[in-house]
Structures are given as structure tokens and as C-alpha cells.
>>> print(open('target.cif').read())   # mmCIF, C-alpha atoms and all ligand atoms
data_target
loop_
_atom_site.label_atom_id
_atom_site.label_comp_id
_atom_site.auth_asym_id
_atom_site.auth_seq_id
_atom_site.Cartn_x
_atom_site.Cartn_y
_atom_site.Cartn_z
CA MET C 1 0.00 0.00 0.00
CA ILE C 2 1.15 3.58 -0.65
CA HIS C 3 0.04 6.22 1.84
CA ILE C 4 0.41 9.80 0.74
CA ASP C 5 -0.22 12.18 3.58
CA HIS C 6 -0.77 15.94 3.10
CA LEU C 7 1.96 16.14 0.48
CA SER C 8 2.73 19.54 -1.07
CA LYS C 9 5.37 20.64 -3.53
CA LYS C 10 6.40 24.20 -4.28
CA TYR C 11 9.21 24.66 -6.78
CA THR C 12 11.66 27.50 -6.19
CA ARG C 13 10.94 28.91 -9.63
CA GLY C 14 7.29 28.04 -9.88
CA GLY C 15 3.95 27.81 -8.18
CA LEU C 16 2.41 25.12 -6.04
CA ALA C 17 2.65 21.92 -8.10
CA LEU C 18 1.04 19.74 -5.39
CA ASP C 19 -1.37 21.16 -2.87
CA ASP C 20 -2.01 19.05 0.23
CA VAL C 21 -2.37 15.69 -1.56
CA THR C 22 -3.64 12.82 0.59
CA LEU C 23 -4.19 9.45 -1.10
CA THR C 24 -4.09 5.74 -0.33
CA LEU C 25 -3.11 3.54 -3.26
CA ASN C 26 -3.82 -0.17 -3.08
CA GLU C 27 -2.22 -3.11 -4.82
CA GLY C 28 -2.96 -3.50 -8.52
CA MET C 29 -2.97 -0.98 -11.33
CA VAL C 30 -3.56 2.58 -10.24
CA GLY C 31 -4.22 5.26 -12.85
CA LEU C 32 -3.11 8.80 -12.12
CA LEU C 33 -5.12 10.99 -14.43
CA GLY C 34 -4.92 14.73 -14.95
CA PRO C 35 -4.48 17.44 -17.57
CA ASN C 36 -1.13 19.05 -18.44
CA GLY C 37 0.46 20.65 -15.41
CA ALA C 38 -1.82 18.85 -12.93
CA GLY C 39 1.13 17.67 -10.84
CA LYS C 40 1.31 14.00 -11.92
CA SER C 41 5.04 14.00 -12.71
CA SER C 42 5.81 15.96 -9.56
CA LEU C 43 4.01 13.38 -7.44
CA MET C 44 5.80 10.52 -9.21
CA ARG C 45 9.20 12.14 -8.87
CA ILE C 46 8.59 12.58 -5.16
CA LEU C 47 7.56 8.93 -4.76
CA ALA C 48 10.68 7.92 -6.70
CA THR C 49 12.73 10.05 -4.24
CA LEU C 50 14.11 12.20 -7.05
CA THR C 51 12.79 15.40 -5.56
CA PRO C 52 11.76 16.06 -1.95
CA PRO C 53 8.27 17.26 -1.01
CA THR C 54 8.00 20.76 0.45
CA SER C 55 5.81 19.35 3.20
CA GLY C 56 3.95 16.15 3.98
CA GLU C 57 5.00 12.53 3.96
CA ALA C 58 4.48 9.27 2.10
CA THR C 59 5.19 5.61 2.81
CA LEU C 60 5.52 2.74 0.33
CA PHE C 61 4.69 -0.58 1.96
CA GLY C 62 5.46 1.03 5.30
CA VAL C 63 8.82 2.51 4.22
CA SER C 64 9.11 6.28 4.52
CA LEU C 65 10.34 8.42 1.65
CA ARG C 66 13.04 9.60 4.02
CA GLN C 67 14.61 6.13 3.69
CA ALA C 68 15.54 6.92 0.11
CA GLU C 69 17.99 4.05 -0.41
CA GLU C 70 15.44 1.49 0.68
CA ILE C 71 12.71 3.07 -1.44
CA ARG C 72 14.95 2.98 -4.50
CA ARG C 73 15.50 -0.73 -4.05
CA MET C 74 11.72 -1.24 -3.98
CA ILE C 75 10.73 0.74 -7.04
CA GLY C 76 11.06 0.79 -10.79
CA TYR C 77 10.62 4.18 -12.43
CA LEU C 78 10.07 5.31 -15.99
CA PRO C 79 10.39 9.10 -16.20
CA GLN C 80 8.46 11.13 -18.73
CA GLN C 81 11.72 12.18 -20.41
CA PHE C 82 13.61 8.92 -20.65
CA GLN C 83 17.20 9.41 -21.85
CA VAL C 84 19.74 6.73 -22.72
CA TYR C 85 23.36 7.12 -23.73
CA PRO C 86 22.96 6.66 -27.52
CA GLN C 87 26.20 4.71 -28.07
CA LEU C 88 25.05 1.81 -25.91
CA THR C 89 23.06 -1.09 -27.28
CA GLY C 90 19.75 -1.96 -25.62
CA VAL C 91 21.30 -5.02 -23.97
CA GLU C 92 24.32 -3.07 -22.71
CA TYR C 93 22.07 -0.43 -21.23
CA LEU C 94 19.80 -2.94 -19.48
CA ASP C 95 22.82 -4.81 -18.14
CA TYR C 96 24.19 -1.56 -16.74
CA VAL C 97 20.87 -0.75 -15.03
CA ALA C 98 20.64 -4.30 -13.66
CA VAL C 99 24.10 -3.98 -12.10
CA MET C 100 23.11 -0.61 -10.61
CA LYS C 101 20.05 -2.31 -9.12
CA GLY C 102 22.34 -4.77 -7.36
CA MET C 103 21.78 -7.80 -9.61
CA THR C 104 25.22 -9.34 -9.25
CA ASP C 105 24.60 -12.80 -10.74
CA LYS C 106 25.56 -12.48 -14.42
CA LYS C 107 23.62 -15.52 -15.57
CA LYS C 108 20.41 -14.46 -13.83
CA ARG C 109 20.84 -10.94 -15.14
CA LYS C 110 21.18 -12.19 -18.71
CA ALA C 111 18.12 -14.42 -18.38
CA GLU C 112 15.96 -11.62 -16.97
CA ILE C 113 17.10 -9.16 -19.63
CA GLU C 114 16.31 -11.61 -22.43
CA ALA C 115 12.86 -12.27 -20.96
CA LEU C 116 12.14 -8.56 -20.64
CA LEU C 117 13.30 -7.82 -24.18
CA GLU C 118 10.82 -10.37 -25.39
CA GLN C 119 8.03 -8.93 -23.26
CA VAL C 120 8.54 -5.43 -24.67
CA ASN C 121 9.13 -6.82 -28.17
CA LEU C 122 12.65 -5.48 -28.62
CA GLN C 123 14.58 -8.71 -29.24
CA ASP C 124 15.39 -7.81 -32.85
CA LYS C 125 16.87 -4.44 -31.96
CA ALA C 126 18.44 -5.36 -28.64
CA ARG C 127 21.98 -5.60 -29.98
CA LYS C 128 21.81 -2.41 -32.00
CA ARG C 129 22.84 0.98 -30.64
CA VAL C 130 20.11 3.03 -29.02
CA GLN C 131 20.79 5.89 -31.45
CA THR C 132 19.22 3.73 -34.18
CA TYR C 133 15.95 3.26 -32.21
CA SER C 134 12.68 5.01 -33.01
CA GLY C 135 10.95 7.02 -30.26
CA GLY C 136 8.59 4.12 -29.52
CA MET C 137 11.49 1.65 -29.26
CA LYS C 138 13.29 3.90 -26.77
CA ARG C 139 10.08 4.05 -24.76
CA ARG C 140 9.91 0.26 -24.74
CA LEU C 141 13.51 0.08 -23.57
CA GLY C 142 12.53 2.50 -20.82
CA ILE C 143 9.69 0.23 -19.78
CA ALA C 144 12.06 -2.76 -19.70
CA GLN C 145 14.56 -0.97 -17.43
CA ALA C 146 11.76 -0.01 -15.04
CA LEU C 147 10.63 -3.66 -14.82
CA LEU C 148 14.15 -5.00 -14.10
CA GLY C 149 14.41 -6.73 -10.75
CA SER C 150 10.59 -7.10 -10.46
CA PRO C 151 10.12 -4.09 -8.17
CA GLN C 152 7.30 -4.05 -5.61
CA VAL C 153 6.22 -0.63 -6.84
CA LEU C 154 6.36 0.41 -10.47
CA ILE C 155 6.01 4.09 -11.26
CA VAL C 156 5.53 4.88 -14.93
CA ASP C 157 5.06 8.43 -16.16
CA GLU C 158 3.01 8.53 -19.36
CA PRO C 159 4.45 5.20 -20.50
CA THR C 160 2.35 4.89 -23.63
CA ALA C 161 3.36 8.24 -25.14
CA GLY C 162 4.72 7.53 -28.61
CA LEU C 163 3.66 3.88 -28.74
CA ASP C 164 1.61 2.66 -31.68
CA PRO C 165 -1.81 1.07 -30.92
CA GLU C 166 -0.50 -2.51 -31.04
CA GLU C 167 2.35 -1.75 -28.64
CA ARG C 168 -0.03 0.19 -26.40
CA VAL C 169 -2.23 -2.87 -26.00
CA ARG C 170 0.77 -5.15 -25.47
CA PHE C 171 2.07 -2.79 -22.84
CA ARG C 172 -1.25 -2.54 -20.99
CA ASN C 173 -1.43 -6.32 -20.79
CA LEU C 174 2.17 -6.56 -19.63
CA LEU C 175 1.54 -4.08 -16.82
CA THR C 176 -1.68 -5.78 -15.78
CA ARG C 177 0.13 -9.11 -15.43
CA PHE C 178 2.98 -7.43 -13.59
CA SER C 179 0.66 -5.65 -11.15
CA LEU C 180 -0.51 -8.85 -9.45
CA GLY C 181 0.58 -8.50 -5.83
CA ARG C 182 2.34 -5.21 -6.61
CA ILE C 183 1.46 -1.57 -7.15
CA VAL C 184 1.75 -0.12 -10.61
CA LEU C 185 1.18 3.61 -10.66
CA LEU C 186 0.63 4.87 -14.18
CA SER C 187 0.14 8.51 -15.14
CA THR C 188 -1.66 9.58 -18.25
CA HIS C 189 -4.03 12.13 -19.66
CA ILE C 190 -5.52 9.55 -21.99
CA VAL C 191 -8.59 7.95 -20.42
CA ALA C 192 -8.32 4.85 -22.67
CA ASP C 193 -5.00 4.00 -21.01
CA ILE C 194 -6.68 3.31 -17.70
CA GLU C 195 -10.12 2.24 -18.90
CA SER C 196 -9.44 -1.44 -19.42
CA ASN C 197 -7.16 -2.36 -16.56
CA CYS C 198 -6.96 0.10 -13.67
CA ARG C 199 -8.74 -0.89 -10.51
CA GLN C 200 -8.20 2.41 -8.84
CA ILE C 201 -7.82 5.93 -10.16
CA ALA C 202 -6.87 9.28 -8.78
CA VAL C 203 -7.58 12.47 -10.68
CA LEU C 204 -5.30 15.43 -10.08
CA ASP C 205 -5.96 18.95 -11.29
CA LYS C 206 -3.91 22.02 -10.43
CA GLY C 207 -2.09 20.09 -7.75
CA LYS C 208 -5.22 18.92 -5.94
CA VAL C 209 -6.93 15.54 -5.77
CA LYS C 210 -10.26 15.89 -7.55
CA LEU C 211 -11.33 12.28 -7.14
CA SER C 212 -9.94 9.04 -5.79
CA GLY C 213 -11.83 5.79 -6.17
CA ASP C 214 -12.74 3.27 -8.82
CA LEU C 215 -13.56 3.79 -12.47
CA SER C 216 -17.31 3.67 -11.96
CA GLU C 217 -17.12 6.68 -9.64
CA LEU C 218 -15.45 8.70 -12.38
CA GLN C 219 -17.97 7.61 -14.98
CA GLU C 220 -20.81 8.35 -12.56
CA PHE C 221 -19.63 11.93 -12.40
CA GLY C 222 -20.91 12.47 -15.95
CA GLN C 223 -24.39 11.21 -15.07
CA GLY C 224 -27.04 13.78 -16.07
CA LYS C 225 -24.46 16.04 -17.73
CA VAL C 226 -23.97 14.59 -21.21
CA TRP C 227 -26.29 15.56 -24.04
CA GLU C 228 -26.60 14.79 -27.69
CA VAL C 229 -28.03 17.77 -29.54
CA ARG C 230 -28.57 18.72 -33.14
CA LEU C 231 -27.32 22.23 -33.83
CA SER C 232 -27.10 24.59 -36.77
CA GLU C 233 -23.61 25.76 -37.72
CA SER C 234 -24.23 29.20 -36.18
CA GLN C 235 -25.37 27.66 -32.88
CA PHE C 236 -22.30 25.45 -32.94
CA ALA C 237 -20.06 28.48 -33.50
CA ARG C 238 -21.40 30.06 -30.28
CA LEU C 239 -20.63 27.00 -28.16
CA ASP C 240 -17.96 26.98 -25.53
CA PRO C 241 -15.43 24.68 -27.26
CA MET C 242 -14.53 23.16 -23.88
CA SER C 243 -18.00 21.66 -23.57
CA VAL C 244 -18.05 19.84 -26.91
CA VAL C 245 -16.86 16.25 -26.74
CA SER C 246 -17.50 15.30 -30.36
CA THR C 247 -19.26 16.55 -33.48
CA ARG C 248 -20.71 14.66 -36.43
CA PRO C 249 -22.23 16.29 -39.52
CA THR C 250 -25.76 15.03 -40.28
CA GLU C 251 -28.47 16.10 -42.76
CA GLY C 252 -30.29 18.25 -40.23
CA GLY C 253 -27.21 20.03 -38.92
CA LEU C 254 -24.42 18.99 -36.58
CA LEU C 255 -24.92 16.25 -34.03
CA CYS C 256 -22.90 17.27 -31.00
CA ARG C 257 -22.09 15.48 -27.78
CA ILE C 258 -21.97 18.15 -25.12
CA ILE C 259 -21.13 18.28 -21.45
CA GLY C 260 -23.21 20.70 -19.41
CA GLU C 261 -25.85 20.84 -16.73
CA VAL C 262 -28.63 22.00 -19.06
CA PRO C 263 -29.32 21.45 -22.78
CA LEU C 264 -28.73 24.38 -25.08
CA GLU C 265 -31.39 26.95 -25.76
CA GLY C 266 -32.91 26.54 -29.21
CA ALA C 267 -31.25 23.18 -29.79
CA GLN C 268 -33.37 20.50 -31.40
CA GLU C 269 -33.63 16.94 -30.14
CA ALA C 270 -31.55 17.35 -27.00
CA THR C 271 -31.20 13.92 -25.45
CA LEU C 272 -29.56 13.06 -22.20
CA VAL C 273 -27.16 10.18 -22.91
CA PRO C 274 -25.25 7.78 -20.63
CA PRO C 275 -21.74 9.07 -19.89
CA THR C 276 -18.57 7.29 -20.94
CA LEU C 277 -15.58 7.28 -18.63
CA GLU C 278 -14.09 10.13 -20.62
CA ASP C 279 -17.31 12.16 -20.24
CA GLY C 280 -17.10 11.63 -16.47
CA TYR C 281 -13.49 12.80 -16.49
CA LEU C 282 -14.26 15.90 -18.57
CA ALA C 283 -17.29 16.70 -16.38
CA LEU C 284 -15.09 16.43 -13.30
CA LEU C 285 -12.48 18.78 -14.74
CA ARG C 286 -15.19 21.25 -15.64
CA LYS C 287 -16.57 21.22 -12.13
CA GLY C 288 -15.99 24.59 -10.59
CA GLN C 289 -15.55 26.20 -13.99
CA THR C 290 -18.41 28.14 -15.54
CA GLU C 291 -21.30 25.74 -16.06
CA GLY C 292 -23.56 25.85 -19.12
CA ALA C 293 -22.65 25.39 -22.69
CA THR C 294 -23.62 28.60 -24.46
CA ARG C 295 -21.97 31.98 -24.42
CA GLY C 296 -25.02 34.07 -25.22
N1 LIG X 301 11.34 21.90 -11.96
C1 LIG X 301 10.28 22.70 -11.93
N2 LIG X 301 10.43 24.01 -11.60
C2 LIG X 301 9.36 24.84 -11.57
N3 LIG X 301 8.09 24.47 -11.83
C3 LIG X 301 7.88 23.18 -12.17
C4 LIG X 301 8.96 22.23 -12.25
N4 LIG X 301 8.46 21.03 -12.61
C5 LIG X 301 7.12 21.21 -12.76
N5 LIG X 301 6.78 22.50 -12.51
C6 LIG X 301 5.43 23.07 -12.51
O1 LIG X 301 4.63 22.30 -11.61
C7 LIG X 301 3.33 22.11 -12.15
C8 LIG X 301 3.03 20.62 -12.23
O2 LIG X 301 3.89 20.06 -13.22
P1 LIG X 301 3.97 18.49 -13.48
O3 LIG X 301 5.03 18.27 -14.52
O4 LIG X 301 4.10 17.80 -12.19
O5 LIG X 301 2.52 18.20 -14.10
P2 LIG X 301 1.99 16.98 -14.99
O6 LIG X 301 0.63 16.67 -14.50
O7 LIG X 301 2.97 15.88 -14.99
O8 LIG X 301 1.90 17.63 -16.42
P3 LIG X 301 2.07 16.96 -17.91
O9 LIG X 301 0.88 16.09 -18.15
O10 LIG X 301 2.07 18.17 -18.80
O11 LIG X 301 3.37 16.23 -17.90
C9 LIG X 301 3.28 22.83 -13.48
O12 LIG X 301 2.73 24.12 -13.27
C10 LIG X 301 4.74 22.95 -13.87
O13 LIG X 301 4.97 24.11 -14.63
#
>>> encode(input="target.cif", output="C-alpha cells")
Amino acid sequence: MIHIDHLSKKYTRGGLALDDVTLTLNEGMVGLLGPNGAGKSSLMRILATLTPPTSGEATLFGVSLRQAEEIRRMIGYLPQQFQVYPQLTGVEYLDYVAVMKGMTDKKKRKAEIEALLEQVNLQDKARKRVQTYSGGMKRRLGIAQALLGSPQVLIVDEPTAGLDPEERVRFRNLLTRFSLGRIVLLSTHIVADIESNCRQIAVLDKGKVKLSGDLSELQEFGQGKVWEVRLSESQFARLDPMSVVSTRPTEGGLLCRIIGEVPLEGAQEATLVPPTLEDGYLALLRKGQTEGATRG
């Protein structure tokens, strides 16, 4: 279990990135969702002991962040900006990381690296220099290094950025298998990344926890707030773009899926529709902002 207790982070040259965050994260896959600048990376960097909190505390399976050495032995971490020395091959790099993680048995190290390369589908490129890798391949190497040593806690910051759809699915399945009996904390701003396999989610926005619970709670948040309406082009032009989820041209005008408390004035055929998870997320982010979909 991870306990995060009244954690705040204020950067010297910036505002409050985390504002009194309290969360309990259970075993399994945990999705950390939030828009750009919400504080996801800051929280992950703190949990990975790369930056200290300004105030507050956290424990990972009972170990305090202040015991940084012990925490580092327990975790695997994939940063958002993953950099590798380009002259190394994938295998050389993974071997180096494995040694740094204290894996002294050469034979075991080799076997684990080979297994991981297969899991992230990098066997063919493993003996080529990293400078010849595509962005997605580098990301997969990053995932492999985070998984080395089967850490109790895996912290992955936007791991699917730059992966093609096939690799995205492969990766989700890999993490789901890995999360049995462990905690995998995955940050993203793509709802689909957490939809199929996260038991628990936490939504951050502007450094604050907006919601912590299971997926159904997030979806529920959109209940009674999602409408399908047919609009003329001029009505559409007056809409607050933030409230429009999707638009489809039809014979009678534009069919729009809209998030708001009330249907639009003058709109034809406004129908309240069941929310998707993404609708719930968007409705949650809009909470506190100006409600209503029209500007006049
Ligand atoms: N080193 C830093 N110095 C100053 N401000 C920072 C620093 N790192 C992050 N911030 C600020 O802290 C806030 C939270 O940033 P953070 O990177 O944690 O958010 P995020 O949710 O990971 O965003 P994204 O999805 O865009 O990666 C932002 O306002 C950001 O500008």
C-alpha cells in the first residue's frame, strides 16, 4: 500500500505543483489521471525520491520516503523524459541498469534481460545501438529498465506516449500481469490507457486531488451532464469549445455530444445520454468552472 499524507510541492521557480495531496493507493494498477500541469510528474518524482516534497509525507509498503535508499531498491521508475546514452546497445544499457540495481549474478541478469526484451518486443533491436531506435522503441527500452528486478512498486510516467496502438495494448497487458501482488502507478491524460485495466484511479488537477476511487465513480460523475443535440452551424459556433466532446455532420445540422448541466437553448432533439468514462473525467475537470454550454 502507498500512503500519501498531506503532500505539497512548491518549486523555487514556480507555483504550487502539489497542494495538500492525501491518497491511499492499493495493490494493482492505479491510474493517475490529470491534464497538463496537474502535478502528476511531480508526485511521481517525489515517490521515486528524485525530488523532496516541500511538506507532507508518504510511505511505500510502510517505508518512509526519508529512507531513500530502501525506497529505490523497492521501485522501478520510468520518467516522462527517458534518456539513454545513444552509443550503448539496448542489452548493454539494461545490463548496466541491472548492475546498478544490485543484480550481481551475471547468468540471472542475462536471463531476466532476455525475458524482458521479449516482453517489450525489442529482441530484434536489442543488440543495435540506441541511437538507431525510433521514439517508440526507446520508450519500450525505458519500460524494460523499469521492470528490471521485479520491483514491488512500479512508477511509470506517461508510458504509452509515442507507442503505436498494437504496442499500447501489449504494454497494458504486460503491466496488468505485472501488477498482481504489486502496485503499478501509471500517469496519463488519456482515459483509454486506464479504462481497461486500472482498478483504482486518482484524478489530479492544479495540484489537488479531484477524485480518488474506482472507475465507476469517475464515470458516474458524468451522469445527467452529457447531451446529444442537433445544432445549426451558427449555434455550434457560439458554443464553448470546452464543452463539446464530439461533433458529427448530419443532414439536419451537426450532431454534437456536449457536457453541461442543461441542454442548449434553441437546440433540437436534445437527449440526455449515458456518460462514458471520458465524459465523467471531462465533467469532473469542468466542475468549478463556468457551467452551461452557451456563451449568449
Ligand atoms: N522543476 C520545476 N520548476 C518549476 N516548476 C515546475 C517544475 N516542474 C514542474 N513544474 C510546474 O509544476 C506544475 C506541475 O507540473 P507536473 O510536470 O508535475 O505536471 P503533470 O501533471 O505531470 O503535467 P504533464 O501532463 O504536462 O506532464 C506545473 O505548473 C509545472 O509548470
>>> closest_atom_pairs(input="target.cif", of="chain C", to="ligand LIG 301 (chain X)", cutoff="8 Å", atoms="only C-alpha atoms and all ligand atoms", output="CSV")
residue,atom,partner,partner_atom,distance
C:Lys10,CA,X:LIG301,N3,7.7
C:Tyr11,CA,X:LIG301,C2,4.8
C:Thr12,CA,X:LIG301,C2,6.4
C:Arg13,CA,X:LIG301,C2,4.8
C:Gly14,CA,X:LIG301,N3,4.1
C:Gly15,CA,X:LIG301,O12,6.4
C:Leu16,CA,X:LIG301,O1,6.6
C:Ala17,CA,X:LIG301,O1,4.0
C:Leu18,CA,X:LIG301,C8,7.2
C:Gly34,CA,X:LIG301,O6,5.9
C:Pro35,CA,X:LIG301,O9,5.6
C:Asn36,CA,X:LIG301,O10,3.3
C:Gly37,CA,X:LIG301,O5,3.5
C:Ala38,CA,X:LIG301,O6,3.6
C:Gly39,CA,X:LIG301,O4,3.3
C:Lys40,CA,X:LIG301,O6,3.8
C:Ser41,CA,X:LIG301,O7,3.6
C:Ser42,CA,X:LIG301,O4,3.6
C:Leu43,CA,X:LIG301,O4,6.5
C:Gln80,CA,X:LIG301,O11,7.3
C:Asp157,CA,X:LIG301,O7,7.8
C:Glu158,CA,X:LIG301,O11,7.8
C:Ser187,CA,X:LIG301,O7,7.9
C:Thr188,CA,X:LIG301,O9,7.0
C:His189,CA,X:LIG301,O9,6.5
C:Leu204,CA,X:LIG301,O6,7.5
C:Asp205,CA,X:LIG301,O6,7.7
C:Lys206,CA,X:LIG301,C8,7.3
C:Gly207,CA,X:LIG301,C8,6.8
>>> closest_residue(input="target.cif", among="C:Glu57, C:Val273, C:Ile194, C:Leu88", to="Tyr133 in chain C", atoms="all atoms listed in the file")
C:Leu88
>>> residues_around(input="target.cif", residues="Gln152 in chain C", least_positions_apart="6", cutoff="10 Å", atoms="only C-alpha atoms", output="PyMOL selection string")
chain C and resi 27+60-61+71+73-76+178-184
>>> atom_distance(input="target.cif", atom1="CA of Asn121 in chain C", atom2="CA of Leu32 in chain C")
25.5 Å
>>> closest_residue(input="target.cif", among="C:Arg172, C:Arg109, C:His3, C:Lys125", to="Ile143 in chain C", atoms="only C-alpha atoms")
C:Arg172
>>> closest_residue(input="target.cif", among="C:Gly31, C:Ile259, C:Lys210, C:Gly102", to="Pro159 in chain C", atoms="all atoms listed in the file")
C:Gly31
>>> closest_residue(input="target.cif", among="C:Met242, C:Ala237, C:Leu255, C:Val229", to="Glu269 in chain C", atoms="all atoms listed in the file")
C:Val229
>>> residues_around(input="target.cif", residues="Phe171 in chain C", least_positions_apart="6", cutoff="12 Å", atoms="all atoms listed in the file", output="number ranges by chain")
C: 116, 118-121, 136, 139-144, 147, 156, 158-161, 163-165, 177-178, 186, 193-194, 197
>>> closest_residue(input="target.cif", among="C:Thr24, C:Ser64, C:Thr49, C:Gln131", to="Tyr85 in chain C", atoms="only C-alpha atoms")
C:Gln131
>>> closest_residue(input="target.cif", among="C:Leu277, C:Ala126, C:Leu117, C:Val30", to="Val191 in chain C", atoms="all atoms listed in the file")
C:Leu277
>>> atom_distance(input="target.cif", atom1="CA of Ala98 in chain C", atom2="CA of Gln67 in chain C")
21.1 Å
>>> atom_distance(input="target.cif", atom1="CA of Ser212 in chain C", atom2="CA of Glu167 in chain C")
28.1 Å
>>> residues_around(input="target.cif", residues="Lys101 in chain C", least_positions_apart="5", cutoff="9 Å", atoms="only C-alpha atoms", output="VMD selection string")
chain C and resid 72 to 73 96 148 to 149
